[in-house]
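The file start24.cif comes next; it holds mmCIF, C-alpha atoms; chains and numbers go by the auth columns.
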data_input
#
loop_
_atom_site.group_PDB
_atom_site.id
_atom_site.type_symbol
_atom_site.label_atom_id
_atom_site.label_comp_id
_atom_site.label_asym_id
_atom_site.label_seq_id
_atom_site.Cartn_x
_atom_site.Cartn_y
_atom_site.Cartn_z
_atom_site.B_iso_or_equiv
_atom_site.auth_seq_id
_atom_site.auth_asym_id
ATOM 1 C CA MET A 1 46.965 23.725 69.211 0.00 1490 W
ATOM 2 C CA LEU A 2 49.432 26.491 69.857 0.00 1491 W
ATOM 3 C CA MET A 3 48.457 29.502 71.954 0.00 1492 W
ATOM 4 C CA THR A 4 50.214 32.832 71.831 0.00 1493 W
ATOM 5 C CA LEU A 5 51.349 34.676 74.959 0.00 1494 W
ATOM 6 C CA LYS A 6 48.930 37.442 73.981 0.00 1495 W
ATOM 7 C CA GLU A 7 46.047 34.936 74.119 0.00 1496 W
ATOM 8 C CA VAL A 8 47.211 33.744 77.535 0.00 1497 W
ATOM 9 C CA GLN A 9 47.395 37.332 78.765 0.00 1498 W
ATOM 10 C CA THR A 10 43.839 38.043 77.555 0.00 1499 W
ATOM 11 C CA LEU A 11 42.532 34.773 79.006 0.00 1500 W
ATOM 12 C CA LEU A 12 43.944 35.595 82.439 0.00 1501 W
ATOM 13 C CA GLY A 13 43.157 39.330 82.339 0.00 1502 W
ATOM 14 C CA GLY A 14 46.858 39.802 82.892 0.00 1503 W
ATOM 15 C CA GLU A 15 49.059 42.853 82.854 0.00 1504 W
ATOM 16 C CA LEU A 16 52.348 42.783 80.942 0.00 1505 W
ATOM 17 C CA LEU A 17 55.032 44.043 83.328 0.00 1506 W
ATOM 18 C CA THR A 18 57.859 43.856 80.796 0.00 1507 W
ATOM 19 C CA GLN A 19 56.574 46.589 78.513 0.00 1508 W
ATOM 20 C CA GLY A 20 57.429 46.192 74.866 0.00 1509 W
ATOM 21 C CA LEU A 21 58.353 42.512 74.861 0.00 1510 W
ATOM 22 C CA ASP A 22 56.807 40.431 72.087 0.00 1511 W
ATOM 23 C CA LEU A 23 53.706 38.424 73.013 0.00 1512 W
ATOM 24 C CA GLU A 24 53.133 36.797 69.625 0.00 1513 W
ATOM 25 C CA THR A 25 55.362 33.845 70.546 0.00 1514 W
ATOM 26 C CA PRO A 26 53.445 30.575 70.135 0.00 1515 W
ATOM 27 C CA CYS A 27 53.580 28.031 72.949 0.00 1516 W
ATOM 28 C CA ASN A 28 51.847 24.768 73.903 0.00 1517 W
ATOM 29 C CA LYS A 29 53.545 23.843 77.172 0.00 1518 W
ATOM 30 C CA VAL A 30 52.697 25.050 80.660 0.00 1519 W
ATOM 31 C CA PHE A 31 54.376 24.342 83.983 0.00 1520 W
ATOM 32 C CA ALA A 32 53.069 25.580 87.348 0.00 1521 W
ATOM 33 C CA SER A 33 55.208 25.567 90.485 0.00 1522 W
ATOM 34 C CA ASP A 34 56.642 27.687 93.264 0.00 1523 W
ATOM 35 C CA MET A 35 59.612 25.346 93.611 0.00 1524 W
ATOM 36 C CA MET A 36 62.410 26.430 91.307 0.00 1525 W
ATOM 37 C CA SER A 37 64.050 23.071 92.056 0.00 1526 W
ATOM 38 C CA ASP A 38 61.064 21.371 90.404 0.00 1527 W
ATOM 39 C CA VAL A 39 61.151 23.752 87.449 0.00 1528 W
ATOM 40 C CA LEU A 40 64.791 22.847 86.865 0.00 1529 W
ATOM 41 C CA ALA A 41 64.153 19.130 87.288 0.00 1530 W
ATOM 42 C CA PHE A 42 60.838 18.563 85.525 0.00 1531 W
ATOM 43 C CA MET A 43 59.845 21.406 83.180 0.00 1532 W
ATOM 44 C CA ASP A 44 60.153 21.049 79.404 0.00 1533 W
ATOM 45 C CA ALA A 45 62.130 23.719 77.580 0.00 1534 W
ATOM 46 C CA GLY A 46 59.958 26.416 76.041 0.00 1535 W
ATOM 47 C CA SER A 47 57.183 26.234 78.653 0.00 1536 W
ATOM 48 C CA ILE A 48 55.205 29.088 80.161 0.00 1537 W
ATOM 49 C CA LEU A 49 55.941 29.143 83.899 0.00 1538 W
ATOM 50 C CA LEU A 50 53.084 29.947 86.289 0.00 1539 W
ATOM 51 C CA THR A 51 54.324 30.803 89.770 0.00 1540 W
ATOM 52 C CA GLY A 52 53.657 32.770 92.914 0.00 1541 W
ATOM 53 C CA MET A 53 57.351 33.487 93.464 0.00 1542 W
ATOM 54 C CA VAL A 54 58.586 36.991 92.654 0.00 1543 W
ATOM 55 C CA ASN A 55 62.296 36.966 93.520 0.00 1544 W
ATOM 56 C CA SER A 56 65.165 37.295 91.054 0.00 1545 W
ATOM 57 C CA HIS A 57 65.726 33.526 91.080 0.00 1546 W
ATOM 58 C CA VAL A 58 62.501 33.076 89.113 0.00 1547 W
ATOM 59 C CA VAL A 59 64.007 35.140 86.292 0.00 1548 W
ATOM 60 C CA ARG A 60 67.368 33.360 86.506 0.00 1549 W
ATOM 61 C CA THR A 61 65.625 29.988 86.500 0.00 1550 W
ATOM 62 C CA ALA A 62 63.615 31.163 83.478 0.00 1551 W
ATOM 63 C CA CYS A 63 66.819 32.153 81.709 0.00 1552 W
ATOM 64 C CA LEU A 64 68.666 28.918 82.468 0.00 1553 W
ATOM 65 C CA ALA A 65 65.781 26.504 81.847 0.00 1554 W
ATOM 66 C CA ASP A 66 64.478 28.218 78.662 0.00 1555 W
ATOM 67 C CA VAL A 67 61.126 29.512 79.920 0.00 1556 W
ATOM 68 C CA THR A 68 59.063 31.297 77.232 0.00 1557 W
ATOM 69 C CA ALA A 69 57.210 33.585 79.656 0.00 1558 W
ATOM 70 C CA ILE A 70 56.568 33.974 83.386 0.00 1559 W
ATOM 71 C CA VAL A 71 52.992 34.341 84.643 0.00 1560 W
ATOM 72 C CA LEU A 72 52.726 35.615 88.219 0.00 1561 W
ATOM 73 C CA VAL A 73 49.513 34.587 89.958 0.00 1562 W
ATOM 74 C CA GLN A 74 47.524 36.254 92.789 0.00 1563 W
ATOM 75 C CA GLY A 75 48.262 39.689 91.325 0.00 1564 W
ATOM 76 C CA LYS A 76 51.847 39.528 92.517 0.00 1565 W
ATOM 77 C CA LYS A 77 54.382 42.002 91.206 0.00 1566 W
ATOM 78 C CA PRO A 78 58.145 41.734 91.602 0.00 1567 W
ATOM 79 C CA ALA A 79 60.548 44.551 92.505 0.00 1568 W
ATOM 80 C CA PRO A 80 61.620 46.802 89.579 0.00 1569 W
ATOM 81 C CA ASP A 81 65.106 45.247 89.431 0.00 1570 W
ATOM 82 C CA VAL A 82 63.570 41.805 88.865 0.00 1571 W
ATOM 83 C CA VAL A 83 61.475 43.181 85.975 0.00 1572 W
ATOM 84 C CA ALA A 84 64.598 44.879 84.596 0.00 1573 W
ATOM 85 C CA GLU A 85 66.480 41.559 84.672 0.00 1574 W
ATOM 86 C CA ALA A 86 63.633 39.893 82.756 0.00 1575 W
ATOM 87 C CA MET A 87 63.677 42.718 80.194 0.00 1576 W
ATOM 88 C CA LYS A 88 67.412 42.179 79.736 0.00 1577 W
ATOM 89 C CA ILE A 89 66.979 38.515 78.824 0.00 1578 W
ATOM 90 C CA SER A 90 63.703 39.167 76.920 0.00 1579 W
ATOM 91 C CA VAL A 91 61.462 36.924 79.030 0.00 1580 W
ATOM 92 C CA PRO A 92 57.985 38.499 79.317 0.00 1581 W
ATOM 93 C CA ILE A 93 56.388 38.698 82.781 0.00 1582 W
ATOM 94 C CA ILE A 94 52.578 38.768 82.943 0.00 1583 W
ATOM 95 C CA SER A 95 50.872 39.423 86.279 0.00 1584 W
ATOM 96 C CA THR A 96 47.341 38.066 86.761 0.00 1585 W
ATOM 97 C CA GLY A 97 44.866 38.439 89.600 0.00 1586 W
ATOM 98 C CA CYS A 98 43.874 34.782 89.147 0.00 1587 W
ATOM 99 C CA SER A 99 44.863 32.203 91.733 0.00 1588 W
ATOM 100 C CA MET A 100 47.208 29.451 90.599 0.00 1589 W
ATOM 101 C CA PHE A 101 44.256 27.038 90.346 0.00 1590 W
ATOM 102 C CA GLU A 102 42.082 29.489 88.394 0.00 1591 W
ATOM 103 C CA ALA A 103 44.911 30.402 86.005 0.00 1592 W
ATOM 104 C CA CYS A 104 45.720 26.740 85.333 0.00 1593 W
ATOM 105 C CA SER A 105 42.093 25.777 84.817 0.00 1594 W
ATOM 106 C CA ARG A 106 41.390 28.675 82.422 0.00 1595 W
ATOM 107 C CA ILE A 107 44.374 27.714 80.260 0.00 1596 W
ATOM 108 C CA SER A 108 43.401 24.067 80.462 0.00 1597 W
ATOM 109 C CA ARG A 109 39.785 24.771 79.400 0.00 1598 W
ATOM 110 C CA SER A 110 40.732 27.050 76.509 0.00 1599 W
ATOM 111 C CA PHE A 111 43.690 25.026 75.290 0.00 1600 W
ATOM 112 C CA PRO A 112 42.845 21.413 76.129 0.00 1601 W
ATOM 113 C CA GLU A 113 45.741 20.116 74.055 0.00 1602 W
ATOM 114 C CA THR A 114 48.288 22.038 76.069 0.00 1603 W
ATOM 115 C CA ILE A 115 51.084 19.825 77.334 0.00 1604 W
ATOM 116 C CA ARG A 116 51.436 19.925 81.105 0.00 1605 W
ATOM 117 C CA MET B 1 85.094 25.594 66.585 0.00 1425 L
ATOM 118 C CA THR B 2 87.657 23.305 65.032 0.00 1426 L
ATOM 119 C CA GLU B 3 88.754 20.046 66.675 0.00 1427 L
ATOM 120 C CA GLU B 4 91.922 21.682 68.057 0.00 1428 L
ATOM 121 C CA THR B 5 90.398 24.758 69.595 0.00 1429 L
ATOM 122 C CA SER B 6 89.053 24.850 73.084 0.00 1430 L
ATOM 123 C CA PHE B 7 87.765 27.440 75.455 0.00 1431 L
ATOM 124 C CA GLN B 8 88.495 27.987 79.129 0.00 1432 L
ATOM 125 C CA GLN B 9 87.147 30.344 81.747 0.00 1433 L
ATOM 126 C CA GLU B 10 87.295 30.657 85.537 0.00 1434 L
ATOM 127 C CA TYR B 11 84.682 32.068 87.894 0.00 1435 L
ATOM 128 C CA GLU B 12 84.348 32.709 91.629 0.00 1436 L
ATOM 129 C CA ILE B 13 81.180 32.287 93.698 0.00 1437 L
ATOM 130 C CA LYS B 14 80.679 33.618 97.220 0.00 1438 L
ATOM 131 C CA GLY B 15 78.680 31.450 99.606 0.00 1439 L
ATOM 132 C CA GLY B 16 75.573 33.064 101.107 0.00 1440 L
ATOM 133 C CA ASP B 17 75.324 35.616 98.286 0.00 1441 L
ATOM 134 C CA PHE B 18 71.694 34.849 97.468 0.00 1442 L
ATOM 135 C CA SER B 19 71.078 38.048 95.509 0.00 1443 L
ATOM 136 C CA HIS B 20 73.690 37.116 92.880 0.00 1444 L
ATOM 137 C CA GLY B 21 73.053 33.364 92.936 0.00 1445 L
ATOM 138 C CA GLY B 22 72.750 32.066 89.399 0.00 1446 L
ATOM 139 C CA GLU B 23 74.641 34.847 87.661 0.00 1447 L
ATOM 140 C CA VAL B 24 77.719 32.715 86.965 0.00 1448 L
ATOM 141 C CA SER B 25 75.537 30.015 85.398 0.00 1449 L
ATOM 142 C CA CYS B 26 73.770 32.651 83.268 0.00 1450 L
ATOM 143 C CA GLU B 27 77.203 33.823 82.055 0.00 1451 L
ATOM 144 C CA ILE B 28 78.208 30.236 81.294 0.00 1452 L
ATOM 145 C CA LYS B 29 74.976 29.665 79.392 0.00 1453 L
ATOM 146 C CA ASN B 30 75.441 32.798 77.283 0.00 1454 L
ATOM 147 C CA LEU B 31 79.001 31.779 76.507 0.00 1455 L
ATOM 148 C CA LEU B 32 77.997 28.286 75.422 0.00 1456 L
ATOM 149 C CA LYS B 33 75.281 29.772 73.223 0.00 1457 L
ATOM 150 C CA GLU B 34 77.798 32.128 71.639 0.00 1458 L
ATOM 151 C CA LEU B 35 80.090 29.172 70.941 0.00 1459 L
ATOM 152 C CA GLY B 36 77.283 27.802 68.775 0.00 1460 L
ATOM 153 C CA LEU B 37 76.461 24.648 70.737 0.00 1461 L
ATOM 154 C CA ASN B 38 72.955 23.260 70.275 0.00 1462 L
ATOM 155 C CA ALA B 39 70.152 24.478 72.539 0.00 1463 L
ATOM 156 C CA GLN B 40 69.526 21.141 74.285 0.00 1464 L
ATOM 157 C CA THR B 41 73.204 20.707 75.196 0.00 1465 L
ATOM 158 C CA VAL B 42 73.438 24.295 76.427 0.00 1466 L
ATOM 159 C CA ARG B 43 70.299 23.870 78.541 0.00 1467 L
ATOM 160 C CA ARG B 44 71.606 20.683 80.186 0.00 1468 L
ATOM 161 C CA ALA B 45 74.901 22.363 81.053 0.00 1469 L
ATOM 162 C CA ALA B 46 73.119 25.491 82.312 0.00 1470 L
ATOM 163 C CA ILE B 47 70.765 23.550 84.584 0.00 1471 L
ATOM 164 C CA ALA B 48 73.556 21.388 86.032 0.00 1472 L
ATOM 165 C CA SER B 49 75.674 24.477 86.619 0.00 1473 L
ATOM 166 C CA TYR B 50 72.819 26.385 88.272 0.00 1474 L
ATOM 167 C CA GLU B 51 72.028 23.520 90.648 0.00 1475 L
ATOM 168 C CA ALA B 52 75.700 23.370 91.644 0.00 1476 L
ATOM 169 C CA GLU B 53 75.903 27.159 91.999 0.00 1477 L
ATOM 170 C CA MET B 54 72.857 27.304 94.269 0.00 1478 L
ATOM 171 C CA ASN B 55 74.350 24.549 96.420 0.00 1479 L
ATOM 172 C CA VAL B 56 77.449 26.733 96.865 0.00 1480 L
ATOM 173 C CA ILE B 57 75.307 29.785 97.695 0.00 1481 L
ATOM 174 C CA MET B 58 73.284 27.757 100.204 0.00 1482 L
ATOM 175 C CA TYR B 59 76.012 25.760 101.924 0.00 1483 L
ATOM 176 C CA ALA B 60 79.611 26.715 101.099 0.00 1484 L
ATOM 177 C CA ARG B 61 81.862 29.706 101.889 0.00 1485 L
ATOM 178 C CA GLU B 62 83.414 30.170 98.473 0.00 1486 L
ATOM 179 C CA CYS B 63 83.899 28.283 95.271 0.00 1487 L
ATOM 180 C CA ARG B 64 86.066 28.268 92.189 0.00 1488 L
ATOM 181 C CA VAL B 65 84.432 27.258 88.943 0.00 1489 L
ATOM 182 C CA ASP B 66 86.427 26.059 85.949 0.00 1490 L
ATOM 183 C CA LEU B 67 84.690 25.820 82.605 0.00 1491 L
ATOM 184 C CA SER B 68 86.381 24.188 79.658 0.00 1492 L
ATOM 185 C CA VAL B 69 84.832 23.539 76.288 0.00 1493 L
ATOM 186 C CA THR B 70 86.121 21.474 73.400 0.00 1494 L
ATOM 187 C CA PRO B 71 84.156 20.465 70.309 0.00 1495 L
ATOM 188 C CA ARG B 72 83.510 17.080 71.989 0.00 1496 L
ATOM 189 C CA LYS B 73 82.532 18.098 75.496 0.00 1497 L
ATOM 190 C CA ILE B 74 81.767 20.741 78.096 0.00 1498 L
ATOM 191 C CA GLN B 75 83.407 20.257 81.453 0.00 1499 L
ATOM 192 C CA ILE B 76 82.472 22.301 84.536 0.00 1500 L
ATOM 193 C CA VAL B 77 84.291 21.796 87.823 0.00 1501 L
ATOM 194 C CA PHE B 78 82.995 23.330 91.060 0.00 1502 L
ATOM 195 C CA GLU B 79 85.503 23.183 93.903 0.00 1503 L
ATOM 196 C CA ASP B 80 84.263 24.769 97.110 0.00 1504 L
ATOM 197 C CA LYS B 81 85.504 25.494 100.588 0.00 1505 L
ATOM 198 C CA GLY B 82 82.692 24.581 102.908 0.00 1506 L
ATOM 199 C CA PRO B 83 81.241 22.061 105.312 0.00 1507 L
ATOM 200 C CA GLY B 84 81.409 19.147 102.879 0.00 1508 L
ATOM 201 C CA ILE B 85 78.777 16.427 102.614 0.00 1509 L
ATOM 202 C CA LYS B 86 78.692 13.756 105.326 0.00 1510 L
ATOM 203 C CA ASN B 87 76.894 11.119 103.311 0.00 1511 L
ATOM 204 C CA VAL B 88 77.166 11.641 99.546 0.00 1512 L
ATOM 205 C CA LYS B 89 75.068 8.555 98.775 0.00 1513 L
ATOM 206 C CA LEU B 90 72.206 9.922 100.877 0.00 1514 L
ATOM 207 C CA ALA B 91 72.520 13.389 99.317 0.00 1515 L
ATOM 208 C CA MET B 92 72.155 11.830 95.858 0.00 1516 L
ATOM 209 C CA ASN B 93 68.649 10.583 96.742 0.00 1517 L
ATOM 210 C CA GLU B 94 65.767 12.588 95.280 0.00 1518 L
ATOM 211 C CA GLY B 95 63.995 14.525 98.017 0.00 1519 L
ATOM 212 C CA TYR B 96 66.808 14.371 100.569 0.00 1520 L
ATOM 213 C CA SER B 97 67.548 17.914 101.727 0.00 1521 L
ATOM 214 C CA THR B 98 69.152 19.784 104.612 0.00 1522 L
ATOM 215 C CA ALA B 99 67.948 23.183 103.334 0.00 1523 L
ATOM 216 C CA THR B 100 66.931 25.938 105.749 0.00 1524 L
ATOM 217 C CA ARG B 101 63.664 27.887 105.668 0.00 1525 L
ATOM 218 C CA GLU B 102 65.362 30.805 103.887 0.00 1526 L
ATOM 219 C CA MET B 103 66.470 28.524 101.064 0.00 1527 L
ATOM 220 C CA ARG B 104 63.022 26.981 100.723 0.00 1528 L
ATOM 221 C CA GLU B 105 61.383 30.414 100.671 0.00 1529 L
ATOM 222 C CA LEU B 106 63.441 31.184 97.572 0.00 1530 L
ATOM 223 C CA GLY B 107 62.089 28.065 95.889 0.00 1531 L
ATOM 224 C CA PHE B 108 65.089 25.809 96.446 0.00 1532 L
ATOM 225 C CA GLY B 109 65.918 22.946 98.757 0.00 1533 L
ATOM 226 C CA ALA B 110 63.546 20.324 97.360 0.00 1534 L
ATOM 227 C CA GLY B 111 66.337 17.775 97.466 0.00 1535 L
ATOM 228 C CA MET B 112 66.557 17.633 93.676 0.00 1536 L
ATOM 229 C CA GLY B 113 69.904 19.393 93.197 0.00 1537 L
ATOM 230 C CA LEU B 114 72.452 16.584 93.011 0.00 1538 L
ATOM 231 C CA PRO B 115 70.092 14.061 91.328 0.00 1539 L
ATOM 232 C CA ASN B 116 69.256 16.724 88.748 0.00 1540 L
ATOM 233 C CA ILE B 117 72.936 17.395 88.072 0.00 1541 L
ATOM 234 C CA LYS B 118 73.368 13.677 87.458 0.00 1542 L
ATOM 235 C CA LYS B 119 70.363 13.669 85.103 0.00 1543 L
ATOM 236 C CA ASN B 120 71.672 16.593 83.041 0.00 1544 L
ATOM 237 C CA THR B 121 75.262 15.420 82.681 0.00 1545 L
ATOM 238 C CA ASP B 122 76.902 12.498 80.887 0.00 1546 L
ATOM 239 C CA LYS B 123 79.562 12.059 83.549 0.00 1547 L
ATOM 240 C CA PHE B 124 79.304 13.289 87.123 0.00 1548 L
ATOM 241 C CA LYS B 125 81.881 12.814 89.843 0.00 1549 L
ATOM 242 C CA ILE B 126 81.460 14.108 93.366 0.00 1550 L
ATOM 243 C CA THR B 127 84.067 14.009 96.116 0.00 1551 L
ATOM 244 C CA SER B 128 83.658 15.611 99.499 0.00 1552 L
ATOM 245 C CA LYS B 129 85.592 15.991 102.728 0.00 1553 L
ATOM 246 C CA VAL B 130 83.655 16.980 105.846 0.00 1554 L
ATOM 247 C CA GLY B 131 84.938 20.302 107.183 0.00 1555 L
ATOM 248 C CA ARG B 132 86.953 20.972 104.018 0.00 1556 L
ATOM 249 C CA GLY B 133 84.709 21.171 100.982 0.00 1557 L
ATOM 250 C CA THR B 134 83.162 19.514 97.965 0.00 1558 L
ATOM 251 C CA ARG B 135 84.302 19.026 94.391 0.00 1559 L
ATOM 252 C CA LEU B 136 81.856 18.424 91.572 0.00 1560 L
ATOM 253 C CA GLU B 137 83.146 17.422 88.174 0.00 1561 L
ATOM 254 C CA MET B 138 80.517 17.421 85.473 0.00 1562 L
ATOM 255 C CA THR B 139 80.856 16.580 81.813 0.00 1563 L
ATOM 256 C CA ILE B 140 78.276 17.188 79.135 0.00 1564 L
ATOM 257 C CA MET B 141 79.034 15.689 75.748 0.00 1565 L
ATOM 258 C CA THR B 142 78.173 17.727 72.699 0.00 1566 L
ATOM 259 C CA ASN B 143 76.013 16.072 70.029 0.00 1567 L
ATOM 260 C CA GLY B 144 76.864 12.612 68.852 0.00 1568 L
ATOM 261 C CA HIS B 145 79.698 11.971 71.296 0.00 1569 L
ATOM 262 C CA LYS B 146 79.999 9.459 74.096 0.00 1570 L
ATOM 263 C CA PRO B 147 81.792 10.057 77.375 0.00 1571 L
#

As structure tokens - that is how I would like this structure written.
Amino acid sequence: MLMTLKEVQTLLGGELLTQGLDLETPCNKVFASDMMSDVLAFMDAGSILLTGMVNSHVVRTACLADVTAIVLVQGKKPAPDVVAEAMKISVPIISTGCSMFEACSRISRSFPETIR
Amino acid sequence: MTEETSFQQEYEIKGGDFSHGGEVSCEIKNLLKELGLNAQTVRRAAIASYEAEMNVIMYARECRVDLSVTPRKIQIVFEDKGPGIKNVKLAMNEGYSTATREMRELGFGAGMGLPNIKKNTDKFKITSKVGRGTRLEMTIMTNGHKP
């Protein structure tokens, strides 16, 4: 079953930091990690990336590894220039107050067929 | 692209420039996309290039990057001036890393860089001289071709 980014945002009570970017994109893959090295080595193209990292390398990794959207956990928010970089490459950033564990388990419960 | 045409571009990377780390690889990726190569091939080249670029940022002083594209293959050569790698065989092992705390705080230094370059390329050659620098030669074949 495919979930849209909008559904993920609602599920996590998240705030869209990249205002205006499309959230109707369907997705069924999720990857959670703070290690960009692991994202580059193990994540499938087209995944949603859940992370607690907020530096510009998250956005560059997203660009290079074909991430569909970035979800920042623990209510983290990056500096404005990082959001601007994400806007430029059209990768939505959603910030949620959920912990990494809570965010992963909510997605997992609601979309059990999600590929991890 | 026809069989005869090819594309070449040079880039420079400054070691230690963490804030711009990855920008050259993003440029390369956009270029490859514009050339009409398929998404999977572009992603492999982009990931290999980014791993190499971050290694330069983390360890070397400066680096010249040469990109050349033909209809058959993408070749990216990173030639840096830097400390070199003492034991290349060891550095190719997954999980082996000499990264500092700063590098790890940025989400790098898991010891996956060189193995991941190997995984995402069809041909990968690494030569290094301690105290001089390292040269990475990576080739990614476009669809249906063999190295």

Write out as an mmCIF file with C-alpha atoms, in the coordinates of the input the residues lying within 9 Å of Val1571 in chain W, counting all atoms listed in the file and excluding same-chain residues fewer than 4 positions away.
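Saved to out06.cif:
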data_model
loop_
_atom_site.group_PDB
_atom_site.id
_atom_site.type_symbol
_atom_site.label_atom_id
_atom_site.label_comp_id
_atom_site.auth_asym_id
_atom_site.auth_seq_id
_atom_site.Cartn_x
_atom_site.Cartn_y
_atom_site.Cartn_z
ATOM 1 C CA VAL W 1543 58.586 36.991 92.654
ATOM 2 C CA ASN W 1544 62.296 36.966 93.520
ATOM 3 C CA SER W 1545 65.165 37.295 91.054
ATOM 4 C CA HIS W 1546 65.726 33.526 91.080
ATOM 5 C CA VAL W 1547 62.501 33.076 89.113
ATOM 6 C CA VAL W 1548 64.007 35.140 86.292
ATOM 7 C CA PRO W 1567 58.145 41.734 91.602
ATOM 8 C CA ALA W 1575 63.633 39.893 82.756
ATOM 9 C CA MET W 1576 63.677 42.718 80.194
#

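The residue that comes closest to Pro1495 in chain L, out of L:Leu1455, L:Asn1540, L:Gly1460, L:Val1448 and on the basis of all atoms listed in the file, is L:Gly1460.
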
Go through the shown structure with the PyMOL selection byres ((chain L) within 8 of (chain W)) and write out the matching residues as a ChimeraX atom specification.
/L:1443,1445-1447,1449-1450,1453,1467,1470-1471,1474,1530-1537,1540

Residues matched by the PyMOL selection byres ((chain W and resi 1519) around 7), written as a ChimeraX atom specification
/W:1517-1518,1520-1521,1536-1538,1604-1605

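For the pair CA of Glu1602 in chain W and CA of Cys1587 in chain W, the interatomic distance is 21.1 Å.
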
Run through the PyMOL selection byres ((chain W and resi 1582) around 12) on the given coordinates and return the selected residues as a count of residues only.
49

Report, in Å to a single decimal, how far apart CA of Lys1553 in chain L and CA of Lys1497 in chain L are.
27.5 Å

Quick one: distance from CA of Phe1590 in chain W to CA of Thr1524 in chain L in Å, one decimal?
27.4 Å

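Using all atoms listed in the file for every distance, the candidate list L:Glu1486, L:Glu1475, L:Glu1518, L:Glu1436 yields L:Glu1475 as the residue closest to Met1562 in chain L.
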
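Residues within 8 Å of Leu1538 in chain L, counting all atoms listed in the file and excluding same-chain residues fewer than 5 positions away, are Glu1475, Ala1476, Ala1515 and Met1516 of chain L.
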
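Every polymer residue reaching to within 10 Å of (76.4, 15.0, 82.4), counting all atoms listed in the file, appears in this list: Thr1465, Arg1468, Ala1469, Ala1472, Lys1497, Ile1498, Gln1499, Ile1500, Asn1540, Ile1541, Lys1542, Lys1543, Asn1544, Thr1545, Asp1546, Lys1547, Phe1548, Lys1549, Glu1561, Met1562, Thr1563, Ile1564, Met1565 and Pro1571 of chain L.
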
What would the list of residues within 9 Å of (78.2, 24.9, 93.0) (file frame) look like as a VMD selection string, if all atoms listed in the file are what count?
chain L and resid 1437 1473 to 1481 1484 1487 to 1489 1501 to 1504 1558 to 1560

Any chance you can output those residues with C-alpha atoms as a CSV table (one decimal), in the coordinates of the input?
chain,number,residue,atom,x,y,z
L,1437,ILE,CA,81.2,32.3,93.7
L,1473,SER,CA,75.7,24.5,86.6
L,1474,TYR,CA,72.8,26.4,88.3
L,1475,GLU,CA,72.0,23.5,90.6
L,1476,ALA,CA,75.7,23.4,91.6
L,1477,GLU,CA,75.9,27.2,92.0
L,1478,MET,CA,72.9,27.3,94.3
L,1479,ASN,CA,74.4,24.5,96.4
L,1480,VAL,CA,77.4,26.7,96.9
L,1481,ILE,CA,75.3,29.8,97.7
L,1484,ALA,CA,79.6,26.7,101.1
L,1487,CYS,CA,83.9,28.3,95.3
L,1488,ARG,CA,86.1,28.3,92.2
L,1489,VAL,CA,84.4,27.3,88.9
L,1501,VAL,CA,84.3,21.8,87.8
L,1502,PHE,CA,83.0,23.3,91.1
L,1503,GLU,CA,85.5,23.2,93.9
L,1504,ASP,CA,84.3,24.8,97.1
L,1558,THR,CA,83.2,19.5,98.0
L,1559,ARG,CA,84.3,19.0,94.4
L,1560,LEU,CA,81.9,18.4,91.6

Spatial neighbours of Met1482 in chain L, 7 Å, all atoms listed in the file, chain gap at least 5 places, as a list in words:
Gly1439, Gly1440 and Met1527 of chain L

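In terms of minimum interatomic distance to Tyr1520 in chain L, L:Pro1539 ranks closest within L:Arg1556, L:Val1466, L:Pro1539, L:Asp1490, counting all atoms listed in the file.
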
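Closest to Met1589 in chain W among W:Thr1603, W:Gly1541, W:Glu1496, W:Met1532 is W:Gly1541, based on all atoms listed in the file.
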